[in-house]
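The next block is my_file_25.pdb, given as PDB, C-alpha atoms, pLDDT in the B column.
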```
ATOM      1  CA  MET X 374       8.177   0.472   0.597  1.00 51.00           C
ATOM      2  CA  THR X 375      11.770  -0.742   0.250  1.00 51.00           C
ATOM      3  CA  ARG X 376      13.423  -4.115   0.669  1.00 51.00           C
ATOM      4  CA  ALA X 377      17.194  -4.466   0.378  1.00 53.00           C
ATOM      5  CA  GLY X 378      20.254  -5.744   2.214  1.00 53.00           C
ATOM      6  CA  LEU X 379      22.013  -4.516   5.336  1.00 56.00           C
ATOM      7  CA  VAL X 380      25.371  -5.631   6.740  1.00 49.00           C
ATOM      8  CA  LEU X 381      25.596  -6.532  10.439  1.00 45.00           C
ATOM      9  CA  LEU X 382      28.784  -5.818  12.373  1.00 42.00           C
ATOM     10  CA  LEU X 383      29.571  -6.331  16.054  1.00 37.00           C
ATOM     11  CA  LEU X 384      30.823  -3.256  17.900  1.00 38.00           C
ATOM     12  CA  ALA X 385      34.458  -3.324  18.911  1.00 34.00           C
ATOM     13  CA  VAL X 386      33.704  -1.492  22.163  1.00 37.00           C
ATOM     14  CA  PRO X 387      32.238  -3.149  25.269  1.00 37.00           C
ATOM     15  CA  SER X 388      28.631  -2.733  26.252  1.00 42.00           C
ATOM     16  CA  ALA X 389      27.773   0.089  28.624  1.00 43.00           C
ATOM     17  CA  GLY X 390      26.355  -2.525  30.962  1.00 46.00           C
ATOM     18  CA  CYS X 391      23.778  -2.109  33.683  1.00 47.00           C
ATOM     19  CA  ARG X 392      23.614   1.110  35.706  1.00 49.00           C
ATOM     20  CA  LEU X 393      22.132   1.559  39.164  1.00 43.00           C
ATOM     21  CA  SER X 394      19.837   4.194  37.660  1.00 45.00           C
ATOM     22  CA  ASP X 395      18.478   1.883  34.935  1.00 54.00           C
ATOM     23  CA  PRO X 396      15.239   0.978  36.788  1.00 50.00           C
ATOM     24  CA  VAL X 397      14.406   4.707  36.926  1.00 50.00           C
ATOM     25  CA  TYR X 398      15.443   5.280  33.318  1.00 46.00           C
ATOM     26  CA  ALA X 399      13.306   2.349  32.131  1.00 58.00           C
ATOM     27  CA  PHE X 400      10.132   4.145  33.202  1.00 48.00           C
ATOM     28  CA  LYS X 401      11.002   7.389  31.417  1.00 70.00           C
ATOM     29  CA  ASP X 402       9.099   8.033  28.178  1.00 72.00           C
ATOM     30  CA  VAL X 403      10.461   9.621  25.021  1.00 81.00           C
ATOM     31  CA  ARG X 404      10.471  13.417  25.417  1.00 87.00           C
ATOM     32  CA  ALA X 405      11.599  16.135  23.036  1.00 87.00           C
ATOM     33  CA  LEU X 406      13.963  18.882  24.117  1.00 85.00           C
ATOM     34  CA  GLU X 407      13.225  22.504  23.289  1.00 88.00           C
ATOM     35  CA  PRO X 408      14.793  23.532  19.935  1.00 90.00           C
ATOM     36  CA  GLU X 409      18.484  24.308  20.359  1.00 85.00           C
ATOM     37  CA  GLU X 410      18.255  27.249  17.974  1.00 87.00           C
ATOM     38  CA  GLU X 411      15.900  28.905  15.528  1.00 90.00           C
ATOM     39  CA  GLY X 412      15.300  27.071  12.244  1.00 90.00           C
ATOM     40  CA  MET X 413      15.771  23.534  13.593  1.00 94.00           C
ATOM     41  CA  SER X 414      13.402  20.640  12.870  1.00 94.00           C
ATOM     42  CA  LEU X 415      12.489  17.469  14.768  1.00 94.00           C
ATOM     43  CA  LEU X 416      12.788  14.038  13.150  1.00 94.00           C
ATOM     44  CA  PHE X 417      10.606  11.206  14.451  1.00 95.00           C
ATOM     45  CA  GLY X 418      11.209   7.604  13.407  1.00 94.00           C
ATOM     46  CA  THR X 419      10.843   3.985  14.432  1.00 94.00           C
ATOM     47  CA  ILE X 420      13.390   1.190  13.858  1.00 91.00           C
ATOM     48  CA  VAL X 421      12.607  -2.367  14.926  1.00 88.00           C
ATOM     49  CA  VAL X 422      14.890  -5.385  14.408  1.00 87.00           C
ATOM     50  CA  ASP X 423      12.621  -8.423  14.091  1.00 81.00           C
ATOM     51  CA  ARG X 424      14.928 -10.969  15.697  1.00 74.00           C
ATOM     52  CA  SER X 425      14.962 -12.640  19.085  1.00 69.00           C
ATOM     53  CA  GLY X 426      17.475 -11.058  21.462  1.00 67.00           C
ATOM     54  CA  ALA X 427      18.125  -8.021  19.268  1.00 72.00           C
ATOM     55  CA  GLY X 428      17.406  -5.644  22.118  1.00 76.00           C
ATOM     56  CA  ASP X 429      16.084  -2.106  21.910  1.00 83.00           C
ATOM     57  CA  LEU X 430      17.348   0.699  19.730  1.00 86.00           C
ATOM     58  CA  ALA X 431      20.409   2.313  21.351  1.00 87.00           C
ATOM     59  CA  SER X 432      21.798   4.761  18.788  1.00 89.00           C
ATOM     60  CA  VAL X 433      20.936   6.254  15.377  1.00 93.00           C
ATOM     61  CA  ASP X 434      23.334   8.061  13.023  1.00 94.00           C
ATOM     62  CA  LEU X 435      22.239  10.205  10.086  1.00 95.00           C
ATOM     63  CA  GLU X 436      24.464  11.763   7.427  1.00 95.00           C
ATOM     64  CA  LYS X 437      23.564  15.169   6.009  1.00 96.00           C
ATOM     65  CA  ILE X 438      24.467  14.897   2.320  1.00 94.00           C
ATOM     66  CA  GLY X 439      23.221  18.238   1.029  1.00 89.00           C
ATOM     67  CA  PRO X 440      22.895  20.931   0.022  1.00 89.00           C
ATOM     68  CA  GLY X 441      26.493  21.514  -1.010  1.00 86.00           C
ATOM     69  CA  GLU X 442      29.404  19.091  -0.944  1.00 85.00           C
ATOM     70  CA  ALA X 443      30.152  19.243   2.797  1.00 87.00           C
ATOM     71  CA  ARG X 444      28.762  16.291   4.774  1.00 92.00           C
ATOM     72  CA  THR X 445      27.999  16.251   8.478  1.00 93.00           C
ATOM     73  CA  HIS X 446      26.867  13.531  10.878  1.00 94.00           C
ATOM     74  CA  TRP X 447      24.016  13.647  13.399  1.00 93.00           C
ATOM     75  CA  ASN X 448      23.361  11.234  16.252  1.00 91.00           C
ATOM     76  CA  THR X 449      20.940  10.463  19.039  1.00 88.00           C
ATOM     77  CA  ASN X 450      21.501   7.685  21.581  1.00 81.00           C
ATOM     78  CA  ASN X 451      20.720   6.362  25.039  1.00 75.00           C
ATOM     79  CA  VAL X 452      24.239   5.366  26.112  1.00 67.00           C
ATOM     80  CA  ASN X 453      25.020   8.478  28.173  1.00 58.00           C
ATOM     81  CA  MET X 454      26.487   7.416  31.509  1.00 50.00           C
ATOM     82  CA  PHE X 455      24.255   9.982  33.276  1.00 47.00           C
ATOM     83  CA  ARG X 456      21.239   9.450  31.040  1.00 48.00           C
ATOM     84  CA  VAL X 457      18.799   9.265  33.951  1.00 47.00           C
ATOM     85  CA  PHE X 458      19.245  13.042  34.409  1.00 45.00           C
ATOM     86  CA  PHE X 459      18.306  13.863  30.805  1.00 57.00           C
ATOM     87  CA  ARG X 460      15.216  13.568  28.660  1.00 72.00           C
ATOM     88  CA  ARG X 461      14.950  10.257  26.857  1.00 76.00           C
ATOM     89  CA  THR X 462      15.163  10.524  23.052  1.00 81.00           C
ATOM     90  CA  MET X 463      14.553   6.855  22.170  1.00 82.00           C
ATOM     91  CA  LYS X 464      12.549   3.951  23.527  1.00 88.00           C
ATOM     92  CA  ASP X 465      10.857   0.824  22.149  1.00 88.00           C
ATOM     93  CA  GLY X 466      12.342   1.520  18.719  1.00 89.00           C
ATOM     94  CA  HIS X 467      11.038   5.118  18.540  1.00 93.00           C
ATOM     95  CA  PHE X 468      13.542   7.968  18.362  1.00 94.00           C
ATOM     96  CA  LEU X 469      13.723  11.767  18.103  1.00 93.00           C
ATOM     97  CA  MET X 470      16.543  13.828  16.581  1.00 93.00           C
ATOM     98  CA  GLU X 471      16.878  17.573  16.099  1.00 93.00           C
ATOM     99  CA  VAL X 472      18.461  18.666  12.802  1.00 95.00           C
ATOM    100  CA  PRO X 473      18.874  21.788  10.609  1.00 94.00           C
ATOM    101  CA  PRO X 474      17.509  21.984   7.033  1.00 95.00           C
ATOM    102  CA  GLY X 475      19.078  19.577   4.547  1.00 95.00           C
ATOM    103  CA  LEU X 476      18.902  16.163   2.875  1.00 96.00           C
ATOM    104  CA  TYR X 477      19.592  13.230   5.197  1.00 96.00           C
ATOM    105  CA  GLU X 478      20.306   9.504   4.909  1.00 94.00           C
ATOM    106  CA  VAL X 479      20.231   6.861   7.649  1.00 93.00           C
ATOM    107  CA  GLU X 480      23.899   5.939   8.041  1.00 93.00           C
ATOM    108  CA  ARG X 481      23.806   3.321  10.799  1.00 91.00           C
ATOM    109  CA  PHE X 482      21.964   2.303  13.951  1.00 91.00           C
ATOM    110  CA  VAL X 483      22.809   0.215  16.991  1.00 90.00           C
ATOM    111  CA  THR X 484      20.679  -2.147  19.041  1.00 88.00           C
ATOM    112  CA  GLY X 485      21.620  -3.405  22.469  1.00 78.00           C
ATOM    113  CA  GLY X 486      20.117  -5.802  24.957  1.00 62.00           C
ATOM    114  CA  TRP X 487      21.878  -7.594  27.775  1.00 59.00           C
ATOM    115  CA  GLY X 488      24.589  -8.788  25.401  1.00 62.00           C
ATOM    116  CA  GLN X 489      27.084  -7.068  23.121  1.00 74.00           C
ATOM    117  CA  PRO X 490      25.612  -4.198  21.035  1.00 80.00           C
ATOM    118  CA  GLU X 491      25.187  -4.787  17.308  1.00 84.00           C
ATOM    119  CA  THR X 492      25.752  -2.162  14.632  1.00 87.00           C
ATOM    120  CA  PHE X 493      23.707  -2.161  11.420  1.00 88.00           C
ATOM    121  CA  ASN X 494      25.481  -0.217   8.651  1.00 89.00           C
ATOM    122  CA  VAL X 495      23.122   1.011   5.936  1.00 88.00           C
ATOM    123  CA  ALA X 496      24.502   1.305   2.406  1.00 85.00           C
ATOM    124  CA  GLY X 497      23.655   1.571  -1.266  1.00 85.00           C
ATOM    125  CA  GLU X 498      20.070   1.730  -2.422  1.00 87.00           C
ATOM    126  CA  VAL X 499      18.761   1.323   1.134  1.00 87.00           C
ATOM    127  CA  ARG X 500      20.267   4.669   2.149  1.00 89.00           C
ATOM    128  CA  LYS X 501      18.808   6.364  -0.902  1.00 90.00           C
ATOM    129  CA  ALA X 502      15.368   4.873  -0.276  1.00 87.00           C
ATOM    130  CA  MET X 503      15.333   6.177   3.310  1.00 89.00           C
ATOM    131  CA  ARG X 504      16.349   9.758   2.491  1.00 91.00           C
ATOM    132  CA  ILE X 505      14.392  12.556   4.102  1.00 93.00           C
ATOM    133  CA  LEU X 506      14.377  16.188   3.018  1.00 94.00           C
ATOM    134  CA  VAL X 507      14.058  18.767   5.792  1.00 94.00           C
ATOM    135  CA  THR X 508      13.042  22.230   4.609  1.00 91.00           C
ATOM    136  CA  ARG X 509      11.350  24.796   6.834  1.00 88.00           C
ATOM    137  CA  PRO X 510      11.099  24.151  10.613  1.00 90.00           C
ATOM    138  CA  GLY X 511       8.638  21.453  11.582  1.00 91.00           C
ATOM    139  CA  ILE X 512       8.263  17.810  12.576  1.00 93.00           C
ATOM    140  CA  TYR X 513       9.264  15.205   9.970  1.00 94.00           C
ATOM    141  CA  ASP X 514       8.292  11.531  10.183  1.00 93.00           C
ATOM    142  CA  LEU X 515      10.731   8.932   8.830  1.00 91.00           C
ATOM    143  CA  GLY X 516       8.070   6.258   9.208  1.00 92.00           C
ATOM    144  CA  SER X 517       8.662   2.723  10.488  1.00 92.00           C
ATOM    145  CA  ILE X 518      11.748   0.772   9.449  1.00 90.00           C
ATOM    146  CA  ARG X 519      11.553  -2.985  10.095  1.00 89.00           C
ATOM    147  CA  VAL X 520      14.671  -5.124   9.796  1.00 88.00           C
ATOM    148  CA  THR X 521      14.527  -8.916   9.288  1.00 85.00           C
ATOM    149  CA  ARG X 522      17.226 -11.486   8.607  1.00 78.00           C
ATOM    150  CA  SER X 523      17.608 -12.367   4.925  1.00 76.00           C
ATOM    151  CA  GLU X 524      16.667 -15.899   3.925  1.00 74.00           C
ATOM    152  CA  GLY X 525      19.275 -18.492   2.939  1.00 67.00           C
ATOM    153  CA  TRP X 526      22.441 -19.704   4.643  1.00 66.00           C
ATOM    154  CA  LYS X 527      24.613 -17.549   2.357  1.00 67.00           C
ATOM    155  CA  ASN X 528      22.922 -14.445   3.765  1.00 64.00           C
ATOM    156  CA  TYR X 529      23.524 -15.240   7.441  1.00 65.00           C
ATOM    157  CA  ASN X 530      24.932 -11.775   8.232  1.00 68.00           C
ATOM    158  CA  LYS X 531      22.603  -9.875   5.899  1.00 76.00           C
ATOM    159  CA  TYR X 532      19.262  -8.310   6.656  1.00 80.00           C
ATOM    160  CA  ASP X 533      16.306  -7.003   4.685  1.00 83.00           C
ATOM    161  CA  VAL X 534      14.863  -3.606   5.501  1.00 84.00           C
ATOM    162  CA  GLU X 535      11.340  -2.398   4.861  1.00 85.00           C
ATOM    163  CA  ARG X 536      10.326   1.218   5.377  1.00 88.00           C
ATOM    164  CA  VAL X 537       6.648   2.124   5.440  1.00 87.00           C
ATOM    165  CA  LEU X 538       4.545   5.170   6.223  1.00 88.00           C
ATOM    166  CA  ASP X 539       3.097   4.410   9.668  1.00 88.00           C
ATOM    167  CA  ASN X 540       0.299   6.553  11.075  1.00 89.00           C
ATOM    168  CA  SER X 541      -0.763   3.982  13.645  1.00 91.00           C
ATOM    169  CA  PRO X 542      -2.441   5.323  16.821  1.00 93.00           C
ATOM    170  CA  GLU X 543       0.425   3.926  18.916  1.00 92.00           C
ATOM    171  CA  ARG X 544       3.099   5.907  17.083  1.00 93.00           C
ATOM    172  CA  GLN X 545       1.033   9.069  16.989  1.00 93.00           C
ATOM    173  CA  ALA X 546       0.445   8.787  20.754  1.00 94.00           C
ATOM    174  CA  VAL X 547       4.208   8.469  21.357  1.00 93.00           C
ATOM    175  CA  LEU X 548       4.862  11.608  19.300  1.00 94.00           C
ATOM    176  CA  ARG X 549       2.060  13.621  20.917  1.00 93.00           C
ATOM    177  CA  GLN X 550       3.313  12.786  24.387  1.00 92.00           C
ATOM    178  CA  ALA X 551       6.940  13.470  23.396  1.00 92.00           C
ATOM    179  CA  ILE X 552       6.256  17.033  22.220  1.00 93.00           C
ATOM    180  CA  ALA X 553       3.558  17.977  24.761  1.00 91.00           C
ATOM    181  CA  GLY X 554       4.209  21.382  26.322  1.00 91.00           C
ATOM    182  CA  THR X 555       7.143  22.215  24.026  1.00 91.00           C
ATOM    183  CA  THR X 556       7.648  24.527  21.075  1.00 91.00           C
ATOM    184  CA  TRP X 557       7.353  21.464  18.840  1.00 92.00           C
ATOM    185  CA  GLU X 558       3.731  21.051  19.896  1.00 91.00           C
ATOM    186  CA  ARG X 559       2.958  24.503  18.523  1.00 87.00           C
ATOM    187  CA  LEU X 560       4.788  23.711  15.294  1.00 84.00           C
ATOM    188  CA  ALA X 561       2.783  20.493  14.948  1.00 83.00           C
ATOM    189  CA  ALA X 562      -0.432  22.491  15.168  1.00 78.00           C
ATOM    190  CA  ALA X 563       0.710  24.768  12.316  1.00 70.00           C
ATOM    191  CA  PRO X 564       0.011  23.969   8.618  1.00 59.00           C
ATOM    192  CA  PRO X 565       1.880  20.776   7.556  1.00 50.00           C
ATOM    193  CA  THR X 566       5.339  20.974   6.017  1.00 47.00           C
ATOM    194  CA  PRO X 567       6.642  18.851   3.114  1.00 43.00           C
ATOM    195  CA  THR X 568       7.805  15.407   4.239  1.00 44.00           C
ATOM    196  CA  SER X 569       9.814  12.562   2.765  1.00 45.00           C
ATOM    197  CA  THR X 570       6.653  10.658   1.892  1.00 43.00           C
ATOM    198  CA  PRO X 571       3.749  11.833  -0.246  1.00 36.00           C
ATOM    199  CA  THR X 572       0.553  12.906   1.458  1.00 36.00           C
ATOM    200  CA  PRO X 573      -2.547  11.147   0.105  1.00 37.00           C
ATOM    201  CA  PRO X 574      -5.058  13.426  -1.665  1.00 37.00           C
ATOM    202  CA  PRO X 575      -8.224  14.355   0.225  1.00 38.00           C
ATOM    203  CA  ALA X 576     -11.280  12.206  -0.316  1.00 40.00           C
ATOM    204  CA  PRO X 577     -13.672  13.529  -3.005  1.00 39.00           C
ATOM    205  CA  ALA X 578     -16.703  15.451  -1.808  1.00 40.00           C
ATOM    206  CA  PRO X 579     -19.903  13.379  -1.653  1.00 37.00           C
TER     207      PRO X 579
END
```

Using structure tokens, write down the structure from this file.
Amino acid sequence: MTRAGLVLLLLAVPSAGCRLSDPVYAFKDVRALEPEEEGMSLLFGTIVVDRSGAGDLASVDLEKIGPGEARTHWNTNNVNMFRVFFRRTMKDGHFLMEVPPGLYEVERFVTGGWGQPETFNVAGEVRKAMRILVTRPGIYDLGSIRVTRSEGWKNYNKYDVERVLDNSPERQAVLRQAIAGTTWERLAAAPPTPTSTPTPPPAPAP
């Protein structure tokens, strides 16, 4: 569990606005695409901003910081102009992202409702605390990340973030439905892979 500060910035670009296809898109559930190439893994996470009017998650950026010195950036979003024709990778705070092996940090995420989108830049110890190591192909769970406004008038534009392991039935149902009928479903049925959070030991035999 981690609690630390985030900085909130308003996007300099206008909101994508309402599309004629939005009523159709609203009913689409999160669905995983087939792996783009061999050796890829699927990240599953949940980000919720606990503030009135924050809107739903619209974009997530990760930075691959290793191995090696070269850094690359990975994104998933729902701002595609023709998004109704594609599978939905995020909804109600849940998101999916396909990535190759490596060590990743959450770089930023965007929420958007009917108003201007808001960008949350993640820095410092928060980024380190939310790292996830992807090794052999599989499904990796980032857990649930809840963002709340920091207390005190001096912290008006700062937020606290708490990341917890979340195996709630709701989240597991979202993931099961998202990977149903895909290669990911077969990977999920295989022996578990190492994740970013420790797995509790089995209960002792009676």

Query raised in the report: Which neighbours of segment 426-435 of chain X fall inside 7 Å, counting only C-alpha atoms, when residues of the same chain fewer than 4 positions from it are skipped, and could you give them as a PyMOL selection string?
Result: chain X and resi 422+446-452+464-466+477-486

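With atom CA of Gly439 of chain X on one side and atom CA of Met413 of chain X on the other, the separation reads 15.5 Å.
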
Give me, as a short mmCIF file (atom, residue, chain, number, x, y, z; two decimals) with C-alpha atoms, in the frame of the given file, all polymer residues having an atom no more than 6 Å from Val403 of chain X, counting only C-alpha atoms and skipping those fewer than 4 positions away in the same chain.
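Output below, filename result28.cif:
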```
data_model
loop_
_atom_site.label_atom_id
_atom_site.label_comp_id
_atom_site.auth_asym_id
_atom_site.auth_seq_id
_atom_site.Cartn_x
_atom_site.Cartn_y
_atom_site.Cartn_z
CA ARG X 461 14.95 10.26 26.86
CA THR X 462 15.16 10.52 23.05
CA MET X 463 14.55 6.86 22.17
CA ALA X 551 6.94 13.47 23.40
#
```

Query raised in the report: What does the distance from atom CA of Glu491 of chain X to atom CA of His467 of chain X come to in Å, to one decimal?
Result: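 Interatomic distance, atom CA of Glu491 of chain X to atom CA of His467 of chain X: 17.3 Å.
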
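Taking atom CA of Ala546 of chain X and atom CA of Ala563 of chain X as the two end points, the separation is 18.1 Å.
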
Query raised in the report: Excluding same-chain residues fewer than 3 positions from segment 516-523 of chain X, what lies within 7 Å of it counting all atoms listed in the file, as a VMD selection string?
Result: chain X and resid 418 to 424 528 531 to 539
